[in-house]
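Everything below concerns the one structure shown next.
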Amino acid sequence: MTTVRVHGATKSFGRTRALDGVDLEAGPGVTGLLGPNGAGKTTLLRMIATVLAPDQGTVTLLGRDPSRPDDRTWIRERLGYLPQDAGFHRGFTVFEFIDYVAILKEMTDRRARHDEVRRVIAVTGLQAVTGKRIRALSGGMRRRVGLAQALLGDPDLLVLDEPTVGLDPEQRLRFREMISHAGEGRTVIMSSHQTEDITALCARIAVIHQGRARFTGTPAELMAQAAGRVWTDTERSPAAITAWRTGDGAYRNVGDPPAGAELIPPTLEDAYLLLMGGSELEVTPS
Amino acid sequence: MTVWHLDPETIRRYAQGAAPPDVAASAEAHLMKCAACRGAISSHVDARRVESIWQEVADRVDAPRRSRPERMLIRLGVGEATARLVAVTPTLRGPWLLAVAGVLALAAWAAQVDERFLLMFLVVAPLGPLAGVAVAFAGGLDPTREIGLAAPYSGLRLLLIRTAAVLAVTAPIVAAAGLALPGSTWTAAAWLLPTAGLTCAALALTARMTPVVAVGAVATAWVLVTAPAAVAGHLDLAFGMGAQIFWLAVAMGGGLWLAVTRNTVTIKLGRSA
């Protein structure tokens with residue numbers, strides 16, 4: 001069942017073309033967006049979150065057209081959104097902030113609203129900091145507060161922009177667990193730079209580059225494209241798009257292997273780098 | 001260790017919430033110390049009543065603290081959800097209001113020093129409330145704007161609530177500054193209808209542009225038209241009876257347009273909404 005359908009969507013900001021005819025389809029489960037900075041992932045997610053309308057192309061969410069005011073309100077009643085730079089009224093406590101967002105989500109009955117706030121606080125494991133001011137929380141806890149507000153009303157569609165950015169490994173694992181749980185029975189669209197998160201969580205992925213979807217399919221299908229193109233050697237191979245020395249002293253080469261190369265199974269990261277043709281490396285040198 | 005126990009009748013009445021306050025207080029004090037009576041009372045307790053009491057306690061503990069403006073609004077009959085939306089309006093914070101008061105006090109002081117500056121006060125006066133409306137929706141000052149844009153809450157309703165709140169707070173500041181003007185002619189209040197008209201015009205434009213741009217457009221037009229008239233001393237042109245009727249018509253026309261199109265027009269609360 002397709003719950004999110006984006007077809008030929010374009011969006012420009014001044015002279016910058018953020019999206020250039022992107023196509024995307026997603027259904028229940030977690031769908032991941034991968035891509036370098038400035039690829040258009042956030043613009044696409046804002047479009048799916050009904051915050052942004054395409055200049056051209058169509059968007060259908062949960063079977064409705066968000067360009068129609070009535071449909072848009074209907075969609076928003078069933079939508080949870082965690083923006084990339086989720087802002088907080090820092091003087092609010094955790095409960096107060098989530099309660100404020102619940103008001104924006106038209107939960108007008110005070111008792112029922114507070115019950116719902118308590119529910120999402122429990123789901124995201126924030127009970128111990130319910131009464132703490134947000135300005136006193138760590139970045140990871142704030143991100144959790146952001147997820148909690150997105151889960152208000154048990155939405156059918158959850159849009160998460162870089163939910164794991166800036167989290168330490170333990171918090172990332174905790175987040176994975178929460179997102180995985182959230183993806184049961186509802187549509188979750190998330191972006192991430194972390195290929196491990198995408199591999200661990202997503203049934204489908206789309207690689208966005210220069211405003212277009214360069215790949216859509218399962219992580220296994222993307223990794224299959226890199227089969228036979230990753231090898232180890234005692235030195236950096238000139239045939240490699242990229243190569244790095246691993247902990248055991250051998251070089252992991254990604255590209256077109258020479259004859260007789262010692263091939264190894266590719267990871268999603270290898271496949272992603274190959275798909276981008278090394279362009280990703282130009283913007284994120286390490 | 002306690003040596004006496006609650007009698008069965010007291011236990012039953014306390015468990016049902018039917019004990020008089022003095023007996024209930026005594027029973028509670030005893031129950032805190034006596035495991036045997038706690039065990040005896042458990043079979044009399046209605047689980048639904050306990051759940052309801054527990055929910056009430058949890059709600060009292062968790063409930064957001066209401067700020068002074070929120071408490072005041074609720075006392076005036078505003079719903080608690082609406083009061084909270086008003087209370088977080090960036091424009092209603094102290095520093096912003098002080099800035100508006102400062103500018104207007106300066107203009108009023110200048111008018112006292114030289115009466116020719118009276119007209120400049122009238123030009124500046126509507127800009128305070130107008131700027132307040134714009135700032136209420138400025139992205140940098142509302143940290144939750146992005147989340148709000150994706151929420152089902154009506155953009156028009158939020159716009160009107162916040163605009164009304166901004167006008168309710170800034171208009172008295174302008175009025176107070178007007179009292180400091182020299183003389184006691186009607187000109188001290190001549191800014192009122194232009195302010196209403198400009199605000200309604202800006203609100204009507206929010207179907208086409210963001211509140212910040214809409215307010216910028218009408219404020220620029222206002223200054224371009226009135227400032228030269230004020231400098232030339234043509235009071236009637238900008239603030240005379242004819243001008244007042246014109247602004248009344250603009251205010252009514254803008255209000256009517258908002259009322260008629262409330263269900264069909266999308267308000268652009270953000271740059272990209």
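For the structure tokens, the naming scheme is as follows: chains receive sequential letters (A, B, ...) according to their order of presentation, residues are indexed from 1 within each chain, and ligands are indexed from 1 in presentation order.
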
Determine, for each residue of chain B having at least one atom at most 7 Å from an atom of chain A, the closest pair of atoms and their separation in Å to one decimal, counting only C-alpha atoms; order by chain and ascending number, as a Markdown table.
```
| residue | atom | partner | partner_atom | distance |
| --- | --- | --- | --- | --- |
| B:Asp62 | CA | A:Phe95 | CA | 6.8 |
| B:Pro64 | CA | A:Glu96 | CA | 5.1 |
| B:Ala81 | CA | A:Ile103 | CA | 6.1 |
| B:Pro143 | CA | A:Gly87 | CA | 4.3 |
| B:Thr144 | CA | A:Gly87 | CA | 5.1 |
| B:Glu146 | CA | A:Pro83 | CA | 7.0 |
| B:Ile147 | CA | A:Tyr81 | CA | 6.7 |
| B:Gly148 | CA | A:Leu104 | CA | 6.5 |
| B:Leu149 | CA | A:Val51 | CA | 5.8 |
| B:Ala150 | CA | A:Val51 | CA | 5.6 |
| B:Ala151 | CA | A:Lys105 | CA | 5.3 |
| B:Pro152 | CA | A:Arg76 | CA | 5.0 |
| B:Tyr153 | CA | A:Leu104 | CA | 5.2 |
| B:Thr266 | CA | A:Pro69 | CA | 6.8 |
| B:Ser272 | CA | A:Leu52 | CA | 5.3 |
| B:Ala273 | CA | A:Val51 | CA | 5.1 |
```

Kindly save the residues from that selection, with C-alpha atoms included, as a short mmCIF file (atom, residue, chain, number, x, y, z; two decimals), in the first residue's frame.
```
data_model
loop_
_atom_site.label_atom_id
_atom_site.label_comp_id
_atom_site.auth_asym_id
_atom_site.auth_seq_id
_atom_site.Cartn_x
_atom_site.Cartn_y
_atom_site.Cartn_z
CA ASP B 62 2.32 17.67 35.55
CA PRO B 64 1.92 23.40 32.93
CA ALA B 81 -5.46 26.45 25.13
CA PRO B 143 11.39 28.51 17.69
CA THR B 144 8.47 26.15 17.11
CA GLU B 146 8.38 24.81 11.69
CA ILE B 147 6.48 22.37 13.90
CA GLY B 148 3.50 24.75 13.96
CA LEU B 149 3.42 24.94 10.17
CA ALA B 150 2.85 21.18 9.97
CA ALA B 151 0.15 21.22 12.68
CA PRO B 152 -3.57 21.23 11.87
CA TYR B 153 -4.27 24.40 13.90
CA THR B 266 -4.55 29.54 2.90
CA SER B 272 7.28 28.41 2.55
CA ALA B 273 3.85 27.46 3.85
#
```

* Please, which residues of range 38-236 of chain B, numbered as in this document, come out alpha helix (DSSP H) from DSSP, as an NGL selection string? -> :B and (38-42 or 47-62 or 68-75 or 80-87 or 94-113 or 117-124 or 127-135 or 145-149 or 155-179 or 192-205 or 211-232 or 235-236)

Just write the chosen residues, C-alpha atoms, as a CSV table (one decimal), in the first residue's frame.
```csv
chain,number,residue,atom,x,y,z
B,38,ARG,CA,-4.0,-0.8,54.9
B,39,GLY,CA,-4.5,-4.5,54.2
B,40,ALA,CA,-8.0,-4.3,55.6
B,41,ILE,CA,-9.0,-1.3,53.5
B,42,SER,CA,-7.7,-2.7,50.2
B,47,ALA,CA,-10.3,0.6,41.7
B,48,ARG,CA,-12.0,3.1,39.3
B,49,ARG,CA,-12.2,5.7,42.1
B,50,VAL,CA,-8.5,5.2,42.9
B,51,GLU,CA,-7.6,5.5,39.2
B,52,SER,CA,-9.6,8.7,38.9
B,53,ILE,CA,-7.9,10.2,42.0
B,54,TRP,CA,-4.5,9.1,40.7
B,55,GLN,CA,-5.1,10.7,37.3
B,56,GLU,CA,-6.2,13.9,39.1
B,57,VAL,CA,-3.0,14.0,41.2
B,58,ALA,CA,-0.8,13.3,38.2
B,59,ASP,CA,-2.5,16.0,36.2
B,60,ARG,CA,-2.1,18.5,39.1
B,61,VAL,CA,1.6,17.6,39.3
B,62,ASP,CA,2.3,17.7,35.6
B,68,ARG,CA,0.6,35.8,34.7
B,69,PRO,CA,-0.7,36.8,31.3
B,70,GLU,CA,-2.2,33.3,30.9
B,71,ARG,CA,-3.9,33.5,34.3
B,72,MET,CA,-5.3,36.9,33.4
B,73,LEU,CA,-6.6,35.8,30.1
B,74,ILE,CA,-8.3,32.7,31.6
B,75,ARG,CA,-9.9,35.0,34.2
B,80,GLU,CA,-6.8,27.7,28.5
B,81,ALA,CA,-5.5,26.5,25.1
B,82,THR,CA,-6.0,29.8,23.5
B,83,ALA,CA,-4.4,31.6,26.5
B,84,ARG,CA,-1.3,29.5,26.1
B,85,LEU,CA,-1.0,30.2,22.4
B,86,VAL,CA,-1.3,33.9,23.1
B,87,ALA,CA,1.2,33.8,26.0
B,94,GLY,CA,9.0,42.5,27.9
B,95,PRO,CA,12.0,43.6,25.8
B,96,TRP,CA,9.9,44.1,22.7
B,97,LEU,CA,7.1,46.0,24.5
B,98,LEU,CA,9.8,48.2,26.1
B,99,ALA,CA,11.3,49.0,22.7
B,100,VAL,CA,7.8,50.0,21.3
B,101,ALA,CA,7.2,52.1,24.4
B,102,GLY,CA,10.6,53.7,24.1
B,103,VAL,CA,10.2,54.7,20.5
B,104,LEU,CA,6.7,56.2,21.1
B,105,ALA,CA,7.9,58.0,24.3
B,106,LEU,CA,10.7,59.5,22.2
B,107,ALA,CA,8.2,60.6,19.5
B,108,ALA,CA,5.8,62.1,22.1
B,109,TRP,CA,8.7,63.9,23.8
B,110,ALA,CA,9.8,65.3,20.5
B,111,ALA,CA,6.2,66.5,19.9
B,112,GLN,CA,6.2,68.3,23.2
B,113,VAL,CA,9.5,70.0,22.4
B,117,PHE,CA,6.8,66.7,15.5
B,118,LEU,CA,3.2,65.9,16.5
B,119,LEU,CA,2.5,64.7,12.9
B,120,MET,CA,5.6,62.6,13.0
B,121,PHE,CA,4.2,60.9,16.1
B,122,LEU,CA,1.0,60.1,14.2
B,123,VAL,CA,3.1,58.7,11.4
B,124,VAL,CA,5.1,56.5,13.8
B,127,LEU,CA,4.1,51.2,13.1
B,128,GLY,CA,4.5,49.9,16.7
B,129,PRO,CA,1.4,47.6,16.6
B,130,LEU,CA,2.0,46.7,13.0
B,131,ALA,CA,5.6,45.7,13.7
B,132,GLY,CA,4.3,43.7,16.6
B,133,VAL,CA,2.1,41.7,14.3
B,134,ALA,CA,5.0,41.0,12.0
B,135,VAL,CA,7.4,40.0,14.8
B,145,ARG,CA,7.3,27.8,13.9
B,146,GLU,CA,8.4,24.8,11.7
B,147,ILE,CA,6.5,22.4,13.9
B,148,GLY,CA,3.5,24.7,14.0
B,149,LEU,CA,3.4,24.9,10.2
B,155,GLY,CA,-3.4,29.5,10.3
B,156,LEU,CA,-6.0,32.2,10.1
B,157,ARG,CA,-7.2,31.5,13.7
B,158,LEU,CA,-3.6,31.7,15.0
B,159,LEU,CA,-3.1,34.9,13.0
B,160,LEU,CA,-6.2,36.6,14.4
B,161,ILE,CA,-5.5,35.4,17.9
B,162,ARG,CA,-2.0,36.7,17.9
B,163,THR,CA,-2.9,39.9,16.1
B,164,ALA,CA,-5.7,40.7,18.6
B,165,ALA,CA,-3.2,40.0,21.5
B,166,VAL,CA,-0.6,42.3,20.0
B,167,LEU,CA,-3.1,45.1,19.4
B,168,ALA,CA,-4.6,44.7,22.8
B,169,VAL,CA,-1.2,45.2,24.4
B,170,THR,CA,0.4,47.7,22.1
B,171,ALA,CA,-2.6,50.0,21.6
B,172,PRO,CA,-2.7,51.1,25.2
B,173,ILE,CA,1.1,51.8,25.0
B,174,VAL,CA,0.4,54.1,22.0
B,175,ALA,CA,-2.6,55.6,23.7
B,176,ALA,CA,-0.5,56.4,26.8
B,177,ALA,CA,2.2,58.0,24.7
B,178,GLY,CA,-0.6,60.0,23.0
B,179,LEU,CA,-1.7,61.4,26.3
B,192,LEU,CA,-6.4,54.5,15.9
B,193,LEU,CA,-8.3,54.1,12.6
B,194,PRO,CA,-5.2,54.0,10.4
B,195,THR,CA,-3.7,51.3,12.7
B,196,ALA,CA,-6.9,49.3,12.4
B,197,GLY,CA,-7.0,49.8,8.6
B,198,LEU,CA,-3.3,49.0,8.1
B,199,THR,CA,-3.6,45.9,10.3
B,200,CYS,CA,-6.6,44.6,8.4
B,201,ALA,CA,-4.9,45.3,5.1
B,202,ALA,CA,-1.8,43.4,6.2
B,203,LEU,CA,-4.0,40.5,7.4
B,204,ALA,CA,-5.8,40.4,4.0
B,205,LEU,CA,-2.5,40.3,2.2
B,211,PRO,CA,2.8,38.4,7.6
B,212,VAL,CA,6.3,39.9,7.8
B,213,VAL,CA,6.3,40.8,4.1
B,214,ALA,CA,2.6,41.9,4.2
B,215,VAL,CA,3.3,44.2,7.2
B,216,GLY,CA,6.4,45.5,5.5
B,217,ALA,CA,4.5,46.4,2.4
B,218,VAL,CA,1.6,48.3,4.1
B,219,ALA,CA,4.0,50.0,6.6
B,220,THR,CA,6.2,51.2,3.7
B,221,ALA,CA,3.2,52.4,1.8
B,222,TRP,CA,1.9,54.2,4.9
B,223,VAL,CA,5.2,56.0,5.6
B,224,LEU,CA,5.6,56.9,1.9
B,225,VAL,CA,2.2,58.5,1.8
B,226,THR,CA,2.0,60.1,5.2
B,227,ALA,CA,5.6,61.2,5.9
B,228,PRO,CA,5.7,63.8,3.1
B,229,ALA,CA,2.2,65.1,4.1
B,230,ALA,CA,3.4,65.4,7.7
B,231,VAL,CA,6.6,67.2,6.8
B,232,ALA,CA,4.6,69.6,4.6
B,235,LEU,CA,-2.6,67.4,8.6
B,236,ASP,CA,-6.0,66.8,7.0
```

* Polymer residues at most 7 Å from Val59 in chain A, only C-alpha atoms, same-chain spacing of 5 or more positions, as a ChimeraX atom specification -> /A:5-7,65

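Every protein or nucleic acid residue with an atom no more than 10 Å from Ile189 in chain A, counting only C-alpha atoms and leaving out same-chain residues fewer than 3 positions away, appears here: Val4, Ala26, Gly27, Pro28, Gly29, Val30, Thr31, Gly32, Leu33, Leu45, Ile48, Ala49, Tyr81, Leu157, Leu158, Val159, Leu160, Asp161, Gly183, Arg186, Cys202, Arg204 and Ile205 of chain A.
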
Mind writing the picked residues with N, CA and C atoms as a PDB file, in the first residue's frame?
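Final output, saved to again_15.pdb:
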```
ATOM      1  N   VAL A   4       2.622   7.448   0.617  1.00  0.00           N
ATOM      2  CA  VAL A   4       3.287   8.697   0.226  1.00  0.00           C
ATOM      3  C   VAL A   4       3.691   8.565  -1.232  1.00  0.00           C
ATOM      4  N   ALA A  26       6.328   5.571  -0.920  1.00  0.00           N
ATOM      5  CA  ALA A  26       6.590   4.884   0.350  1.00  0.00           C
ATOM      6  C   ALA A  26       5.285   4.362   0.919  1.00  0.00           C
ATOM      7  N   GLY A  27       5.408   3.318   1.717  1.00  0.00           N
ATOM      8  CA  GLY A  27       4.247   2.734   2.383  1.00  0.00           C
ATOM      9  C   GLY A  27       4.580   2.489   3.847  1.00  0.00           C
ATOM     10  N   PRO A  28       3.741   1.733   4.536  1.00  0.00           N
ATOM     11  CA  PRO A  28       4.010   1.447   5.947  1.00  0.00           C
ATOM     12  C   PRO A  28       5.398   0.846   6.155  1.00  0.00           C
ATOM     13  N   GLY A  29       6.013   1.204   7.279  1.00  0.00           N
ATOM     14  CA  GLY A  29       7.390   0.814   7.535  1.00  0.00           C
ATOM     15  C   GLY A  29       8.285   2.034   7.456  1.00  0.00           C
ATOM     16  N   VAL A  30       9.566   1.823   7.619  1.00  0.00           N
ATOM     17  CA  VAL A  30      10.506   2.954   7.630  1.00  0.00           C
ATOM     18  C   VAL A  30      11.183   3.069   6.272  1.00  0.00           C
ATOM     19  N   THR A  31      11.074   4.245   5.672  1.00  0.00           N
ATOM     20  CA  THR A  31      11.754   4.542   4.411  1.00  0.00           C
ATOM     21  C   THR A  31      12.824   5.592   4.703  1.00  0.00           C
ATOM     22  N   GLY A  32      14.033   5.346   4.243  1.00  0.00           N
ATOM     23  CA  GLY A  32      15.139   6.256   4.544  1.00  0.00           C
ATOM     24  C   GLY A  32      15.560   7.070   3.337  1.00  0.00           C
ATOM     25  N   LEU A  33      15.924   8.317   3.595  1.00  0.00           N
ATOM     26  CA  LEU A  33      16.496   9.167   2.551  1.00  0.00           C
ATOM     27  C   LEU A  33      17.974   9.362   2.851  1.00  0.00           C
ATOM     28  N   LEU A  45      11.469  16.365   2.557  1.00  0.00           N
ATOM     29  CA  LEU A  45      10.765  16.024   3.798  1.00  0.00           C
ATOM     30  C   LEU A  45       9.790  17.130   4.206  1.00  0.00           C
ATOM     31  N   ILE A  48       6.752  16.629   2.262  1.00  0.00           N
ATOM     32  CA  ILE A  48       5.944  15.517   2.767  1.00  0.00           C
ATOM     33  C   ILE A  48       5.277  15.902   4.096  1.00  0.00           C
ATOM     34  N   ALA A  49       5.893  16.856   4.796  1.00  0.00           N
ATOM     35  CA  ALA A  49       5.300  17.323   6.065  1.00  0.00           C
ATOM     36  C   ALA A  49       4.274  18.436   5.831  1.00  0.00           C
ATOM     37  N   TYR A  81       5.836  15.349  12.821  1.00  0.00           N
ATOM     38  CA  TYR A  81       6.974  15.915  12.094  1.00  0.00           C
ATOM     39  C   TYR A  81       8.068  16.344  13.062  1.00  0.00           C
ATOM     40  N   LEU A 157       1.450   9.014   9.651  1.00  0.00           N
ATOM     41  CA  LEU A 157       2.633   9.365   8.857  1.00  0.00           C
ATOM     42  C   LEU A 157       3.603  10.148   9.739  1.00  0.00           C
ATOM     43  N   LEU A 158       4.832   9.651   9.824  1.00  0.00           N
ATOM     44  CA  LEU A 158       5.843  10.269  10.679  1.00  0.00           C
ATOM     45  C   LEU A 158       7.011  10.707   9.802  1.00  0.00           C
ATOM     46  N   VAL A 159       7.338  11.992   9.862  1.00  0.00           N
ATOM     47  CA  VAL A 159       8.417  12.541   9.035  1.00  0.00           C
ATOM     48  C   VAL A 159       9.542  12.991   9.969  1.00  0.00           C
ATOM     49  N   LEU A 160      10.694  12.358   9.847  1.00  0.00           N
ATOM     50  CA  LEU A 160      11.806  12.625  10.767  1.00  0.00           C
ATOM     51  C   LEU A 160      13.027  13.075   9.972  1.00  0.00           C
ATOM     52  N   ASP A 161      13.438  14.313  10.190  1.00  0.00           N
ATOM     53  CA  ASP A 161      14.584  14.849   9.456  1.00  0.00           C
ATOM     54  C   ASP A 161      15.832  14.735  10.337  1.00  0.00           C
ATOM     55  N   GLY A 183       7.656   2.576  13.471  1.00  0.00           N
ATOM     56  CA  GLY A 183       7.416   2.153  12.090  1.00  0.00           C
ATOM     57  C   GLY A 183       6.491   0.959  11.961  1.00  0.00           C
ATOM     58  N   ARG A 186       2.751   2.082  10.726  1.00  0.00           N
ATOM     59  CA  ARG A 186       2.589   3.428  10.174  1.00  0.00           C
ATOM     60  C   ARG A 186       3.741   3.721   9.215  1.00  0.00           C
ATOM     61  N   CYS A 202      15.631   0.672   7.807  1.00  0.00           N
ATOM     62  CA  CYS A 202      14.781   0.964   6.655  1.00  0.00           C
ATOM     63  C   CYS A 202      14.518  -0.246   5.760  1.00  0.00           C
ATOM     64  N   ARG A 204      13.006   0.350   2.862  1.00  0.00           N
ATOM     65  CA  ARG A 204      13.266   0.946   1.547  1.00  0.00           C
ATOM     66  C   ARG A 204      14.101   2.200   1.731  1.00  0.00           C
ATOM     67  N   ILE A 205      14.897   2.508   0.706  1.00  0.00           N
ATOM     68  CA  ILE A 205      15.686   3.733   0.772  1.00  0.00           C
ATOM     69  C   ILE A 205      15.609   4.483  -0.562  1.00  0.00           C
TER      70      ILE A 205
END
```

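Between CA of Arg64 in chain A and CA of Ser12 in chain A there is a distance of 23.7 Å.
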
* Quick one: residues within 8 Å of range 170-173 of chain A, only C-alpha atoms counted, chain neighbours fewer than 4 positions away excluded, as a ChimeraX atom specification? -> /A:140,164,177

Print the selection's residues with N, CA and C atoms to a file, as a PDB file, in the first residue's frame.
```pdb
ATOM      1  N   GLY A 140      20.821  15.110  23.207  1.00  0.00           N
ATOM      2  CA  GLY A 140      20.133  13.845  22.947  1.00  0.00           C
ATOM      3  C   GLY A 140      18.743  13.823  23.544  1.00  0.00           C
ATOM      4  N   THR A 164      18.791  11.216  14.206  1.00  0.00           N
ATOM      5  CA  THR A 164      19.888  10.712  15.051  1.00  0.00           C
ATOM      6  C   THR A 164      21.121  11.606  15.008  1.00  0.00           C
ATOM      7  N   GLU A 177      15.618   2.059  18.306  1.00  0.00           N
ATOM      8  CA  GLU A 177      14.576   1.213  18.895  1.00  0.00           C
ATOM      9  C   GLU A 177      13.228   1.940  18.823  1.00  0.00           C
TER      10      GLU A 177
END
```
